[in-house]
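Chemist: What follows is the file start.csv, containing CSV, C-alpha atoms:
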chain,number,residue,atom,x,y,z
O,1,MET,CA,20.2,20.3,-54.8
O,2,ASN,CA,17.2,18.0,-55.3
O,3,GLU,CA,19.3,15.7,-57.4
O,4,LEU,CA,22.0,15.5,-54.7
O,5,ARG,CA,19.4,14.8,-52.0
O,6,SER,CA,17.9,12.0,-54.2
O,7,THR,CA,21.3,10.5,-54.7
O,8,ASP,CA,21.9,10.5,-50.9
O,9,LEU,CA,18.6,8.8,-50.3
O,10,ASN,CA,19.4,6.2,-53.0
O,11,ASP,CA,22.8,5.6,-51.4
O,12,GLU,CA,21.2,5.1,-48.0
O,13,LEU,CA,18.6,2.7,-49.4
O,14,SER,CA,21.4,0.7,-51.2
O,15,ASN,CA,23.5,0.7,-48.0
O,16,PHE,CA,20.6,-0.5,-45.9
O,17,ALA,CA,19.9,-3.4,-48.4
O,18,THR,CA,23.6,-4.5,-48.4
O,19,ASN,CA,24.0,-4.2,-44.6
O,20,LEU,CA,20.7,-6.1,-44.1
O,21,LYS,CA,21.9,-9.0,-46.3
O,22,LEU,CA,25.2,-9.1,-44.2
O,23,LEU,CA,23.2,-9.4,-41.0
O,24,CYS,CA,20.9,-12.1,-42.4
O,25,GLY,CA,23.9,-14.1,-43.2
O,26,PHE,CA,24.4,-14.8,-39.5
O,27,TYR,CA,21.1,-16.8,-39.5
O,28,ARG,CA,20.1,-20.1,-41.2
O,29,SER,CA,17.5,-18.5,-43.5
O,30,ILE,CA,15.7,-15.3,-44.4
O,31,SER,CA,12.5,-17.1,-43.3
O,32,GLU,CA,13.8,-17.5,-39.8
O,33,VAL,CA,14.7,-13.8,-39.6
O,34,CYS,CA,11.3,-12.8,-40.8
O,35,ARG,CA,9.6,-15.1,-38.4
O,36,ARG,CA,11.5,-13.9,-35.4
O,37,ILE,CA,11.2,-10.2,-36.3
O,38,ASP,CA,7.5,-10.7,-37.2
O,39,VAL,CA,7.9,-9.1,-40.6
O,40,ASN,CA,6.1,-10.2,-43.8
O,41,ARG,CA,8.5,-12.2,-46.0
O,42,SER,CA,7.5,-10.5,-49.3
O,43,GLN,CA,7.9,-7.1,-47.8
O,44,PHE,CA,11.3,-8.1,-46.3
O,45,ASN,CA,12.5,-9.1,-49.8
O,46,LYS,CA,11.8,-5.6,-51.0
O,47,TYR,CA,14.1,-4.3,-48.2
O,48,LEU,CA,16.8,-6.8,-49.3
O,49,SER,CA,16.5,-5.7,-52.9
O,50,GLY,CA,16.8,-2.0,-52.1
O,51,SER,CA,13.5,-1.1,-53.7
O,52,THR,CA,11.7,-0.1,-50.5
O,53,ARG,CA,12.6,1.5,-47.2
O,54,PRO,CA,10.9,0.2,-44.0
O,55,SER,CA,8.9,2.5,-41.8
O,56,LEU,CA,10.6,4.0,-38.8
O,57,TYR,CA,8.8,1.5,-36.5
O,58,THR,CA,9.9,-1.5,-38.6
O,59,MET,CA,13.5,-0.1,-39.0
O,60,ARG,CA,13.7,0.0,-35.2
O,61,LYS,CA,12.4,-3.6,-34.9
O,62,ILE,CA,15.0,-4.8,-37.3
O,63,ALA,CA,17.8,-2.9,-35.6
O,64,ALA,CA,16.7,-4.1,-32.1
O,65,PHE,CA,16.7,-7.7,-33.3
O,66,PHE,CA,20.2,-7.6,-34.6
O,67,GLY,CA,21.5,-5.5,-31.8
O,68,VAL,CA,22.5,-2.4,-33.8
O,69,GLU,CA,21.4,1.2,-34.0
O,70,ASP,CA,18.9,2.1,-36.7
O,71,TYR,CA,21.1,4.8,-38.2
O,72,GLU,CA,24.0,2.3,-38.4
O,73,LEU,CA,22.0,0.2,-40.9
O,74,GLN,CA,22.3,3.0,-43.4
O,75,LEU,CA,26.0,3.5,-43.1
O,76,PRO,CA,28.4,2.6,-46.0
O,77,PRO,CA,28.8,-1.2,-46.0
O,78,ARG,CA,32.5,-1.1,-45.4
O,79,GLN,CA,32.0,1.1,-42.4
O,80,PHE,CA,29.2,-1.0,-41.1
O,81,ALA,CA,31.3,-4.2,-41.5
O,82,THR,CA,34.0,-2.6,-39.4
O,83,ILE,CA,31.4,-1.9,-36.7
O,84,LEU,CA,30.4,-5.6,-36.7
O,85,GLU,CA,34.0,-6.7,-36.3
O,86,LEU,CA,34.3,-4.5,-33.2
O,87,ARG,CA,30.8,-5.4,-31.9
O,88,PRO,CA,29.8,-8.9,-33.1
O,89,VAL,CA,26.1,-9.6,-34.0
O,90,ARG,CA,24.1,-11.0,-31.2
O,91,VAL,CA,22.8,-14.3,-32.5
O,92,GLU,CA,20.4,-16.0,-30.1
O,93,SER,CA,18.8,-19.4,-30.3
O,94,GLU,CA,15.3,-19.3,-31.8
O,95,ASN,CA,14.1,-21.4,-28.9
O,96,LYS,CA,15.2,-18.7,-26.3
O,97,ASN,CA,12.3,-16.4,-26.9
O,98,SER,CA,9.8,-19.1,-27.9
O,99,PHE,CA,7.9,-19.0,-24.6
O,100,GLU,CA,7.4,-15.2,-24.8
O,101,LYS,CA,6.3,-15.6,-28.4
O,102,HIS,CA,3.6,-18.2,-27.4
O,103,VAL,CA,2.4,-16.0,-24.5
O,104,ARG,CA,2.1,-13.0,-26.9
O,105,ASN,CA,0.2,-15.2,-29.3
O,106,LEU,CA,-2.3,-16.1,-26.6
O,107,GLN,CA,-2.6,-12.5,-25.5
O,108,HIS,CA,-3.4,-11.6,-29.1
O,109,PHE,CA,-6.3,-14.1,-29.2
O,110,SER,CA,-7.5,-12.9,-25.8
O,111,SER,CA,-7.4,-9.2,-26.5
O,112,ARG,CA,-11.0,-8.6,-27.8
O,113,GLU,CA,-12.8,-10.3,-24.9
O,114,ILE,CA,-10.6,-10.1,-21.8
O,115,GLN,CA,-11.4,-6.4,-21.2
O,116,LYS,CA,-15.1,-7.4,-20.4
O,117,TYR,CA,-13.9,-9.1,-17.2
O,118,GLN,CA,-11.9,-6.2,-15.6
O,119,GLY,CA,-12.8,-5.5,-12.0
O,120,TYR,CA,-12.9,-7.0,-8.5
O,121,TYR,CA,-14.1,-10.4,-7.6
O,122,PHE,CA,-14.6,-12.5,-4.5
O,123,GLU,CA,-13.2,-16.0,-5.1
O,124,TYR,CA,-14.7,-18.9,-3.2
O,125,TYR,CA,-13.4,-22.5,-3.0
O,126,MET,CA,-13.1,-25.2,-0.4
O,127,SER,CA,-9.7,-24.7,1.3
O,128,LEU,CA,-7.0,-27.2,0.3
O,129,THR,CA,-5.2,-26.7,3.6
O,130,TYR,CA,-8.1,-26.4,6.1
O,131,PRO,CA,-10.7,-29.2,5.3
O,132,GLY,CA,-14.3,-28.2,6.0
O,133,HIS,CA,-13.7,-24.5,5.4
O,134,ILE,CA,-14.4,-22.2,2.5
O,135,LEU,CA,-11.8,-19.7,1.6
O,136,ARG,CA,-13.0,-16.3,0.3
O,137,SER,CA,-10.3,-14.2,-1.4
O,138,LEU,CA,-10.2,-10.9,-3.3
O,139,VAL,CA,-9.1,-10.9,-7.0
O,140,HIS,CA,-8.5,-7.8,-9.1
O,141,LEU,CA,-8.3,-8.4,-12.8
O,142,ASN,CA,-7.2,-5.5,-15.0
O,143,CYS,CA,-6.0,-5.0,-18.6
O,144,ASP,CA,-3.0,-3.1,-19.9
O,145,ASP,CA,-3.1,-2.7,-23.7
O,146,SER,CA,-5.6,-5.5,-23.9
O,147,VAL,CA,-3.4,-7.9,-21.9
O,148,GLY,CA,-5.0,-9.4,-18.8
O,149,TYR,CA,-3.2,-9.3,-15.4
O,150,TYR,CA,-4.5,-10.0,-12.0
O,151,LYS,CA,-3.7,-10.1,-8.3
O,152,ARG,CA,-5.3,-12.4,-5.8
O,153,ILE,CA,-5.0,-11.9,-2.0
O,154,GLU,CA,-5.8,-14.8,0.4
O,155,ARG,CA,-6.1,-14.5,4.1
O,156,LEU,CA,-5.7,-17.9,5.8
O,157,SER,CA,-7.4,-17.2,9.1
O,158,PRO,CA,-11.1,-17.2,10.3
O,159,VAL,CA,-12.9,-14.0,9.5
O,160,HIS,CA,-13.9,-11.5,12.3
O,161,ARG,CA,-11.9,-13.2,15.1
O,162,GLY,CA,-9.2,-10.7,15.4
O,163,GLU,CA,-6.5,-13.3,14.9
O,164,ARG,CA,-3.3,-12.5,13.1
O,165,LYS,CA,-3.9,-13.0,9.4
O,166,PHE,CA,-1.5,-15.1,7.3
O,167,ARG,CA,-1.7,-13.5,3.9
O,168,CYS,CA,-0.7,-14.9,0.5
O,169,VAL,CA,-0.4,-12.6,-2.6
O,170,TYR,CA,-0.7,-14.3,-6.0
O,171,LYS,CA,0.1,-12.5,-9.3
O,172,GLY,CA,-0.6,-13.8,-12.7
O,173,MET,CA,-1.9,-13.5,-16.2
O,174,ALA,CA,-5.4,-14.0,-17.6
O,175,PHE,CA,-6.4,-15.3,-21.0
O,176,TYR,CA,-9.8,-15.5,-22.7
O,177,LEU,CA,-9.9,-18.4,-25.2
O,178,ALA,CA,-12.8,-20.3,-26.7
O,179,ASP,CA,-15.4,-18.7,-24.3
O,180,ARG,CA,-13.3,-19.6,-21.3
O,181,LEU,CA,-11.2,-17.6,-18.9
O,182,PHE,CA,-7.8,-19.2,-18.0
O,183,LEU,CA,-5.8,-17.8,-15.1
O,184,ILE,CA,-2.3,-18.8,-14.1
O,185,ASP,CA,-0.5,-17.2,-11.1
O,186,TYR,CA,2.3,-17.7,-8.6
O,187,GLU,CA,2.6,-16.9,-4.9
O,188,SER,CA,4.7,-13.7,-5.1
O,189,LEU,CA,5.9,-13.6,-1.5
O,190,THR,CA,7.6,-16.9,-1.3
O,191,CYS,CA,7.5,-18.1,-4.9
O,192,GLY,CA,6.4,-21.5,-3.5
O,193,GLU,CA,3.4,-22.3,-5.6
O,194,ILE,CA,1.8,-22.0,-9.1
O,195,SER,CA,-1.9,-22.4,-9.4
O,196,GLN,CA,-4.2,-22.5,-12.5
O,197,THR,CA,-7.9,-21.7,-12.7
O,198,SER,CA,-10.2,-22.4,-15.6
O,199,LEU,CA,-13.5,-20.4,-15.5
O,200,PHE,CA,-16.8,-20.9,-17.4
O,201,PRO,CA,-18.6,-17.6,-17.9
O,202,SER,CA,-22.3,-17.8,-17.7
O,203,HIS,CA,-24.0,-16.6,-20.8
O,204,LYS,CA,-27.1,-15.5,-18.8
O,205,SER,CA,-25.0,-13.2,-16.6
O,206,ARG,CA,-21.5,-12.9,-18.1
O,207,THR,CA,-19.7,-11.5,-15.1
O,208,THR,CA,-21.9,-11.8,-12.1
O,209,PHE,CA,-20.7,-15.3,-11.4
O,210,LEU,CA,-17.9,-17.2,-13.0
O,211,HIS,CA,-17.5,-20.9,-12.1
O,212,GLY,CA,-14.9,-23.5,-12.8
O,213,LEU,CA,-12.0,-25.4,-11.4
O,214,LYS,CA,-8.8,-24.5,-9.6
O,215,LEU,CA,-5.6,-26.7,-9.6
O,216,GLY,CA,-3.0,-26.0,-7.0
O,217,VAL,CA,-1.3,-27.4,-3.9
O,218,SER,CA,-2.1,-27.2,-0.2
O,219,ALA,CA,-0.2,-24.7,1.9
O,220,ASP,CA,0.7,-27.2,4.6
O,221,HIS,CA,3.9,-29.2,4.8
O,222,ARG,CA,2.5,-31.9,2.5
O,223,HIS,CA,2.0,-29.6,-0.5
O,224,THR,CA,-0.6,-32.0,-1.8
O,225,PRO,CA,-1.7,-31.4,-5.5
O,226,ALA,CA,-5.5,-31.0,-5.6
O,227,ALA,CA,-8.3,-29.7,-7.7
O,228,THR,CA,-11.3,-27.9,-6.3
O,229,ARG,CA,-14.5,-26.2,-7.7
O,230,VAL,CA,-14.3,-22.4,-7.6
O,231,VAL,CA,-16.7,-19.5,-8.0
O,232,PHE,CA,-15.8,-15.9,-8.8
O,233,GLU,CA,-18.4,-13.3,-7.7
O,234,PHE,CA,-18.2,-9.9,-9.5
O,235,LEU,CA,-18.0,-7.0,-7.1
O,236,GLY,CA,-17.5,-4.0,-9.5
O,237,THR,CA,-14.7,-2.0,-11.0
O,238,ASP,CA,-14.5,0.5,-8.1
O,239,ILE,CA,-14.9,-0.9,-4.6
O,240,ASN,CA,-14.0,-0.3,-1.0
O,241,LYS,CA,-10.9,-2.6,-1.0
O,242,ARG,CA,-10.3,-2.3,2.7
O,243,LYS,CA,-13.8,-3.5,3.5
O,244,ALA,CA,-13.6,-6.3,0.9
O,245,LEU,CA,-10.4,-7.5,2.3
O,246,GLY,CA,-11.9,-7.5,5.8
O,247,ASN,CA,-14.4,-10.0,4.6
O,248,CYS,CA,-11.8,-12.3,3.2
O,249,GLY,CA,-10.6,-15.4,5.0
O,250,LEU,CA,-11.8,-18.8,6.2
O,251,TYR,CA,-15.5,-19.6,6.7
O,252,THR,CA,-17.0,-22.9,7.9
O,253,ASP,CA,-18.7,-24.8,5.1
O,254,GLU,CA,-22.0,-24.2,6.8
O,255,SER,CA,-21.5,-20.4,7.4
O,256,ASP,CA,-24.6,-18.3,6.7
O,257,GLU,CA,-22.3,-15.6,5.4
O,258,ILE,CA,-21.7,-17.7,2.2
O,259,SER,CA,-24.9,-18.0,0.1
O,260,PRO,CA,-26.3,-21.5,-0.3
O,261,GLU,CA,-26.0,-21.2,-4.1
O,262,ILE,CA,-22.2,-20.5,-3.9
O,263,ARG,CA,-21.8,-23.3,-1.3
O,264,TRP,CA,-23.5,-25.7,-3.6
O,265,HIS,CA,-21.4,-24.8,-6.6
O,266,ILE,CA,-18.1,-25.2,-4.8
O,267,ASP,CA,-19.1,-28.5,-3.1
O,268,ASN,CA,-16.6,-31.1,-4.2
O,269,ALA,CA,-18.8,-34.1,-3.3
O,270,ASP,CA,-19.3,-36.7,-5.9
O,271,ARG,CA,-22.3,-36.2,-8.1
O,272,ASN,CA,-24.1,-38.9,-10.1
O,273,GLU,CA,-23.1,-37.5,-13.5
O,274,ASP,CA,-19.4,-36.8,-12.5
O,275,VAL,CA,-16.7,-39.0,-13.9
O,276,HIS,CA,-14.0,-36.5,-13.1
O,277,LEU,CA,-14.1,-33.5,-10.8
O,278,VAL,CA,-16.0,-31.0,-13.0
O,279,PRO,CA,-17.9,-27.8,-12.2
O,280,ALA,CA,-21.6,-27.8,-11.8
O,281,ASN,CA,-23.7,-26.1,-14.4
O,282,LEU,CA,-25.3,-22.8,-13.3
Show me, as structure tokens, the structure contained in the file I just sent.
Modeler:
Amino acid sequence: MNELRSTDLNDELSNFATNLKLLCGFYRSISEVCRRIDVNRSQFNKYLSGSTRPSLYTMRKIAAFFGVEDYELQLPPRQFATILELRPVRVESENKNSFEKHVRNLQHFSSREIQKYQGYYFEYYMSLTYPGHILRSLVHLNCDDSVGYYKRIERLSPVHRGERKFRCVYKGMAFYLADRLFLIDYESLTCGEISQTSLFPSHKSRTTFLHGLKLGVSADHRHTPAATRVVFEFLGTDINKRKALGNCGLYTDESDEISPEIRWHIDNADRNEDVHLVPANL
């Protein structure tokens, strides 16, 4: 009985190796297949030689890449070839998923540090649409499996006046690279804008204030590209969101409700040392 079972396992291993070679023949090289599946080349060679069986996780990755079922990979080669004739292998251009691959790569490099910045923030910057006004928005940054996502809510109306509030909701991804936070989002209600923010965490107080630059466009009919200084003020990980949103909106650039320190750091006036628009040092 044990000898029979051993023979069956050897047959499955041999079948898998033969079927895998057939599938790889649809691509330019073994290296391309390994790169796209994200499997070590030397380990993959062992699968091709029939000397090693992949783990269940790796088997499923391989099957998903070629568009077959994992059990089909272990069928007799003639039967497997018949299946491929009826259901051709899905061969995609390597460039098709290149963007997703780059994003995953950035997420990998961000994963250790990005979790430190989870929570709610007030975002302050000089409005691109309403000159002479400061826009205070609410940002929520959270992590899912060490991947940073965030939502930013803007209210484009004066605070505490009871006027109908025009709201913009931005959704995006956050990356932490080389001691900097990079945020990129889009306006999710109209899909009419993409904005990017680069933040410089303070090493004295890593999350209390984050300052940097925002690049976007004005919300008026001109849609003028513009850069502006920005400050993120950390509020906590559990806040009264309704109250926080009630304090979001437009403030005059001389408003006492915005601290002088924040007003100074988001002031876009030319400074002696500035060659380009750069954030002030905290």
Chemist: For O:Gly50, list every protein, DNA or RNA residue within 6 Å, evaluated using all atoms listed in the file, and leave out those in the same chain fewer than 5 positions away; present the list as a list in words.
Modeler: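 Once the nearby chain positions are removed, what remains is Leu13, Ser14 and Ala17 of chain O.
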Chemist: Could you work out how far atom CA of O:Ser29 lies from atom CA of O:Arg60, giving the answer in Å with one decimal?
Modeler: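 The value is 20.6 Å.
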Chemist: List as number ranges by chain the protein and nucleic acid residues near O:Ile37, meaning an atom at most 10 Å away when only C-alpha atoms are counted, but skip any in the same chain fewer than 2 places from it.
Modeler: O: 31-35, 39-40, 58, 61-66
Chemist: Kindly indicate which residue among O:Ile134, O:Tyr121, O:Asn268, O:Ile153 lies nearest to O:Leu210, using only C-alpha atoms for the distances.
Modeler: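 Of O:Ile134, O:Tyr121, O:Asn268, O:Ile153, the one nearest O:Leu210, counting only C-alpha atoms, is O:Tyr121.
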Chemist: So which one's closest to O:Leu106, O:Pro158, O:Gly148, O:Gly212, O:Pro225? Using all atoms listed in the file, please.
Modeler: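 Among the listed residues, the smallest separation from O:Leu106 belongs to O:Gly148.
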Chemist: Got a sec: who's within 9 Å of O:Leu183, counting only C-alpha atoms, leaving out chain neighbours fewer than 5 positions off, as JSON, numbers by chain?
Modeler: {"O": [149, 150, 172, 173, 174, 175, 176, 195, 196, 197, 198, 199]}
Chemist: Export, as a PDB file, in the coordinates of the input, the selected residues with C-alpha atoms.
Modeler:
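Generated file (again14.pdb):
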ATOM      1  CA  TYR O 149      -3.200  -9.300 -15.400  1.00  0.00           C
ATOM      2  CA  TYR O 150      -4.500 -10.000 -12.000  1.00  0.00           C
ATOM      3  CA  GLY O 172      -0.600 -13.800 -12.700  1.00  0.00           C
ATOM      4  CA  MET O 173      -1.900 -13.500 -16.200  1.00  0.00           C
ATOM      5  CA  ALA O 174      -5.400 -14.000 -17.600  1.00  0.00           C
ATOM      6  CA  PHE O 175      -6.400 -15.300 -21.000  1.00  0.00           C
ATOM      7  CA  TYR O 176      -9.800 -15.500 -22.700  1.00  0.00           C
ATOM      8  CA  SER O 195      -1.900 -22.400  -9.400  1.00  0.00           C
ATOM      9  CA  GLN O 196      -4.200 -22.500 -12.500  1.00  0.00           C
ATOM     10  CA  THR O 197      -7.900 -21.700 -12.700  1.00  0.00           C
ATOM     11  CA  SER O 198     -10.200 -22.400 -15.600  1.00  0.00           C
ATOM     12  CA  LEU O 199     -13.500 -20.400 -15.500  1.00  0.00           C
TER      13      LEU O 199
END
Chemist: Between O:Lys214, O:Arg78, O:Arg155, O:Arg112, which has the minimum distance to O:Val169 (counting all atoms listed in the file)?
Modeler: O:Arg155
Chemist: Just how far from atom CA of O:Ser111 is atom CA of O:Asp145, in Å to one decimal?
Modeler: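 Atom-to-atom, atom CA of O:Asp145 to atom CA of O:Ser111, that is 8.3 Å.
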Chemist: What's around O:Tyr125 at 6 Å? Count all atoms listed in the file, leave out sequence neighbours fewer than 6 positions away in its own chain, and write the answer as a PDB file with C-alpha atoms, in the coordinates of the input.
Modeler:
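Heads up, here's the output in selection_2.pdb:
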ATOM      1  CA  ILE O 134     -14.400 -22.200   2.500  1.00  0.00           C
ATOM      2  CA  LEU O 135     -11.800 -19.700   1.600  1.00  0.00           C
ATOM      3  CA  VAL O 230     -14.300 -22.400  -7.600  1.00  0.00           C
ATOM      4  CA  ILE O 266     -18.100 -25.200  -4.800  1.00  0.00           C
TER       5      ILE O 266
END
Chemist: Between atom CA of O:Arg242 and atom CA of O:Arg180, what is the distance, to one decimal in Å?
Modeler: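 Here the two named atoms are 29.7 Å from each other.
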Chemist: From the list O:Asn105, O:Met126, O:Tyr170, O:Leu138, which residue is nearest O:Ala269 when using all atoms listed in the file?
Modeler: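 Using all atoms listed in the file, the shortest distance to O:Ala269 belongs to O:Met126.
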Chemist: Using all atoms listed in the file, which of O:Gln79, O:Thr129, O:Ser146, O:Ser51 sits nearest O:His223?
Modeler: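 Closest to O:His223, using all atoms listed in the file: O:Thr129.
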Chemist: Which residue out of O:Leu128, O:Arg41, O:Ser110, O:Tyr117 has the minimum interatomic distance to O:Ala226 when all atoms listed in the file are used?
Modeler: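 Looking at the shortest contact to O:Ala226, the residue is O:Leu128.
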Chemist: Taking only N, CA, C and O atoms, show stretch 116-139 of chain O of the given structure as a JSON list (two decimals), in the first residue's frame.
Modeler:
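The result, stored in part-v2.json:
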[["chain", "number", "residue", "atom", "x", "y", "z"],
["O", 116, "LYS", "N", 3.04, 53.87, 12.12],
["O", 116, "LYS", "CA", 3.23, 54.87, 13.17],
["O", 116, "LYS", "C", 2.34, 56.09, 12.96],
["O", 116, "LYS", "O", 2.08, 56.84, 13.91],
["O", 117, "TYR", "N", 1.90, 56.29, 11.74],
["O", 117, "TYR", "CA", 1.18, 57.52, 11.42],
["O", 117, "TYR", "C", -0.33, 57.32, 11.29],
["O", 117, "TYR", "O", -1.03, 58.21, 10.83],
["O", 118, "GLN", "N", -0.83, 56.18, 11.73],
["O", 118, "GLN", "CA", -2.27, 55.96, 11.70],
["O", 118, "GLN", "C", -2.98, 56.95, 12.61],
["O", 118, "GLN", "O", -2.49, 57.31, 13.67],
["O", 119, "GLY", "N", -4.17, 57.37, 12.19],
["O", 119, "GLY", "CA", -4.97, 58.26, 13.03],
["O", 119, "GLY", "C", -5.62, 59.37, 12.23],
["O", 119, "GLY", "O", -5.65, 59.35, 11.00],
["O", 120, "TYR", "N", -6.14, 60.34, 12.98],
["O", 120, "TYR", "CA", -6.84, 61.49, 12.38],
["O", 120, "TYR", "C", -5.97, 62.73, 12.47],
["O", 120, "TYR", "O", -5.25, 62.94, 13.46],
["O", 121, "TYR", "N", -6.08, 63.57, 11.44],
["O", 121, "TYR", "CA", -5.32, 64.81, 11.37],
["O", 121, "TYR", "C", -6.21, 65.94, 10.86],
["O", 121, "TYR", "O", -7.11, 65.71, 10.04],
["O", 122, "PHE", "N", -5.92, 67.16, 11.35],
["O", 122, "PHE", "CA", -6.39, 68.35, 10.66],
["O", 122, "PHE", "C", -5.31, 68.71, 9.64],
["O", 122, "PHE", "O", -4.11, 68.72, 9.96],
["O", 123, "GLU", "N", -5.74, 68.99, 8.43],
["O", 123, "GLU", "CA", -4.82, 69.45, 7.39],
["O", 123, "GLU", "C", -5.07, 70.94, 7.16],
["O", 123, "GLU", "O", -6.23, 71.37, 7.03],
["O", 124, "TYR", "N", -4.01, 71.73, 7.12],
["O", 124, "TYR", "CA", -4.12, 73.17, 6.91],
["O", 124, "TYR", "C", -3.29, 73.59, 5.69],
["O", 124, "TYR", "O", -2.14, 73.18, 5.55],
["O", 125, "TYR", "N", -3.90, 74.38, 4.81],
["O", 125, "TYR", "CA", -3.13, 75.01, 3.74],
["O", 125, "TYR", "C", -3.91, 76.19, 3.20],
["O", 125, "TYR", "O", -5.13, 76.30, 3.39],
["O", 126, "MET", "N", -3.20, 77.10, 2.53],
["O", 126, "MET", "CA", -3.85, 78.26, 1.93],
["O", 126, "MET", "C", -4.67, 77.78, 0.74],
["O", 126, "MET", "O", -4.16, 77.09, -0.15],
["O", 127, "SER", "N", -5.95, 78.13, 0.74],
["O", 127, "SER", "CA", -6.86, 77.63, -0.28],
["O", 127, "SER", "C", -6.39, 78.02, -1.67],
["O", 127, "SER", "O", -6.01, 79.18, -1.92],
["O", 128, "LEU", "N", -6.43, 77.06, -2.60],
["O", 128, "LEU", "CA", -6.07, 77.34, -3.99],
["O", 128, "LEU", "C", -7.20, 78.02, -4.73],
["O", 128, "LEU", "O", -6.99, 78.64, -5.77],
["O", 129, "THR", "N", -8.41, 77.89, -4.20],
["O", 129, "THR", "CA", -9.60, 78.42, -4.87],
["O", 129, "THR", "C", -10.04, 79.76, -4.28],
["O", 129, "THR", "O", -10.55, 80.62, -5.01],
["O", 130, "TYR", "N", -9.84, 79.93, -2.97],
["O", 130, "TYR", "CA", -10.28, 81.15, -2.29],
["O", 130, "TYR", "C", -9.06, 81.87, -1.69],
["O", 130, "TYR", "O", -8.67, 81.59, -0.56],
["O", 131, "PRO", "N", -8.43, 82.77, -2.44],
["O", 131, "PRO", "CA", -7.24, 83.48, -1.95],
["O", 131, "PRO", "C", -7.53, 84.20, -0.63],
["O", 131, "PRO", "O", -8.63, 84.71, -0.42],
["O", 132, "GLY", "N", -6.54, 84.21, 0.24],
["O", 132, "GLY", "CA", -6.69, 84.87, 1.53],
["O", 132, "GLY", "C", -7.39, 84.02, 2.57],
["O", 132, "GLY", "O", -7.72, 84.52, 3.65],
["O", 133, "HIS", "N", -7.65, 82.76, 2.27],
["O", 133, "HIS", "CA", -8.33, 81.88, 3.21],
["O", 133, "HIS", "C", -7.50, 80.61, 3.46],
["O", 133, "HIS", "O", -6.81, 80.11, 2.56],
["O", 134, "ILE", "N", -7.61, 80.13, 4.68],
["O", 134, "ILE", "CA", -6.98, 78.87, 5.08],
["O", 134, "ILE", "C", -8.04, 77.78, 5.05],
["O", 134, "ILE", "O", -9.15, 77.97, 5.57],
["O", 135, "LEU", "N", -7.72, 76.67, 4.46],
["O", 135, "LEU", "CA", -8.64, 75.54, 4.42],
["O", 135, "LEU", "C", -8.19, 74.50, 5.46],
["O", 135, "LEU", "O", -7.05, 74.04, 5.42],
["O", 136, "ARG", "N", -9.09, 74.20, 6.38],
["O", 136, "ARG", "CA", -8.82, 73.14, 7.35],
["O", 136, "ARG", "C", -9.69, 71.93, 6.98],
["O", 136, "ARG", "O", -10.91, 72.04, 6.91],
["O", 137, "SER", "N", -9.05, 70.78, 6.77],
["O", 137, "SER", "CA", -9.74, 69.55, 6.36],
["O", 137, "SER", "C", -9.45, 68.45, 7.37],
["O", 137, "SER", "O", -8.53, 68.55, 8.19],
["O", 138, "LEU", "N", -10.21, 67.38, 7.29],
["O", 138, "LEU", "CA", -10.02, 66.23, 8.17],
["O", 138, "LEU", "C", -9.45, 65.07, 7.35],
["O", 138, "LEU", "O", -10.00, 64.71, 6.29],
["O", 139, "VAL", "N", -8.37, 64.49, 7.83],
["O", 139, "VAL", "CA", -7.71, 63.37, 7.17],
["O", 139, "VAL", "C", -7.69, 62.18, 8.11],
["O", 139, "VAL", "O", -7.38, 62.31, 9.30]]
